[in-house]
file coords-v7.txt (compact mmCIF, C-alpha atoms)
# COMPACT_ATOMS: atom_id res chain seq x y z
CA MET A 1209 118.48 89.56 -80.59
CA GLU A 1210 119.96 86.94 -78.32
CA TYR A 1211 119.06 83.35 -79.10
CA THR A 1212 119.05 80.44 -76.69
CA LYS A 1213 121.26 77.48 -77.54
CA PHE A 1214 118.12 75.58 -78.56
CA GLU A 1215 116.95 78.32 -80.92
CA LYS A 1216 120.42 78.55 -82.44
CA ALA A 1217 120.55 74.79 -83.00
CA ARG A 1218 117.08 74.81 -84.59
CA ILE A 1219 117.91 77.71 -86.91
CA ILE A 1220 121.22 76.24 -88.04
CA GLY A 1221 119.67 72.79 -88.46
CA ALA A 1222 116.76 74.08 -90.52
CA ARG A 1223 119.03 76.16 -92.75
CA ALA A 1224 121.48 73.25 -93.17
CA LEU A 1225 118.58 71.08 -94.32
CA GLN A 1226 117.60 73.72 -96.89
CA LEU A 1227 121.19 73.89 -98.14
CA ALA A 1228 121.41 70.10 -98.33
CA TYR A 1229 118.33 70.05 -100.55
CA GLY A 1230 119.82 72.56 -102.97
CA ALA A 1231 119.03 76.03 -101.64
CA PRO A 1232 121.64 78.56 -102.76
CA PRO A 1233 124.02 79.74 -100.02
CA LEU A 1234 123.69 83.38 -98.99
CA VAL A 1235 127.42 83.78 -98.37
CA LYS A 1236 130.55 83.12 -100.38
CA VAL A 1237 131.42 79.53 -99.51
CA PRO A 1238 135.08 78.98 -98.57
CA GLU A 1239 137.01 76.53 -100.73
CA ASN A 1240 136.76 72.86 -99.76
CA THR A 1241 133.63 73.50 -97.65
CA ILE A 1242 130.83 71.16 -98.61
CA ASN A 1243 129.24 70.54 -95.22
CA PRO A 1244 125.86 72.34 -95.10
CA ILE A 1245 126.09 72.72 -91.32
CA GLU A 1246 129.33 74.70 -91.62
CA ILE A 1247 127.78 76.94 -94.30
CA ALA A 1248 124.68 77.46 -92.12
CA GLU A 1249 126.90 78.40 -89.15
CA ILE A 1250 128.70 81.00 -91.29
CA GLU A 1251 125.34 82.43 -92.34
CA PHE A 1252 124.15 82.46 -88.72
CA ASP A 1253 127.28 84.28 -87.53
CA LYS A 1254 126.73 86.94 -90.21
CA GLN A 1255 123.03 87.15 -89.21
CA ILE A 1256 121.70 86.66 -92.75
CA ILE A 1257 119.68 83.46 -92.36
CA PRO A 1258 116.11 84.12 -93.58
CA ILE A 1259 114.45 82.42 -90.59
CA THR A 1260 112.49 84.23 -87.89
CA ILE A 1261 111.91 83.09 -84.31
CA LEU A 1262 108.61 84.06 -82.69
CA ARG A 1263 108.45 83.86 -78.89
CA ASN A 1264 105.35 83.79 -76.72
CA GLU A 1265 106.44 85.82 -73.75
call {"tool": "encode", "arguments": {"input": "coords-v7.txt", "output": "structure tokens"}}
result
Amino acid sequence: MEYTKFEKARIIGARALQLAYGAPPLVKVPENTINPIEIAEIEFDKQIIPITILRNE
């Protein structure tokens, strides 16, 4: 599924917030990476973020 830039930003932002509040990462975190946004972007690129987008088309 193709996401708009707004959907992508919302997904990454929501997942980064979850990670910041202590949710376990779903990927192996590279060394020296503590930024939740970077971890969320890695998860997004691997398409394993547990967030669904519903569109009214």
call {"tool": "closest_residue", "arguments": {"input": "coords-v7.txt", "among": "A:Tyr1229, A:Gly1221, A:Leu1234, A:Arg1263", "to": "Glu1251 of chain A", "atoms": "only C-alpha atoms"}}
result
A:Leu1234
call {"tool": "atom_distance", "arguments": {"input": "coords-v7.txt", "atom1": "atom CA of Phe1214 of chain A", "atom2": "atom CA of Leu1227 of chain A"}}
result
19.9 Å
call {"tool": "atom_distance", "arguments": {"input": "coords-v7.txt", "atom1": "atom CA of Thr1241 of chain A", "atom2": "atom CA of Ala1217 of chain A"}}
result
19.7 Å
call {"tool": "closest_residue", "arguments": {"input": "coords-v7.txt", "among": "A:Asn1243, A:Glu1265, A:Ile1250, A:Gln1255", "to": "Leu1225 of chain A", "atoms": "all atoms listed in the file"}}
result
A:Asn1243
call {"tool": "closest_residue", "arguments": {"input": "coords-v7.txt", "among": "A:Glu1246, A:Gln1226, A:Thr1260, A:Val1235", "to": "Tyr1211 of chain A", "atoms": "all atoms listed in the file"}}
result
A:Thr1260
call {"tool": "atom_distance", "arguments": {"input": "coords-v7.txt", "atom1": "atom CA of Pro1238 of chain A", "atom2": "atom CA of Ile1259 of chain A"}}
result
22.4 Å
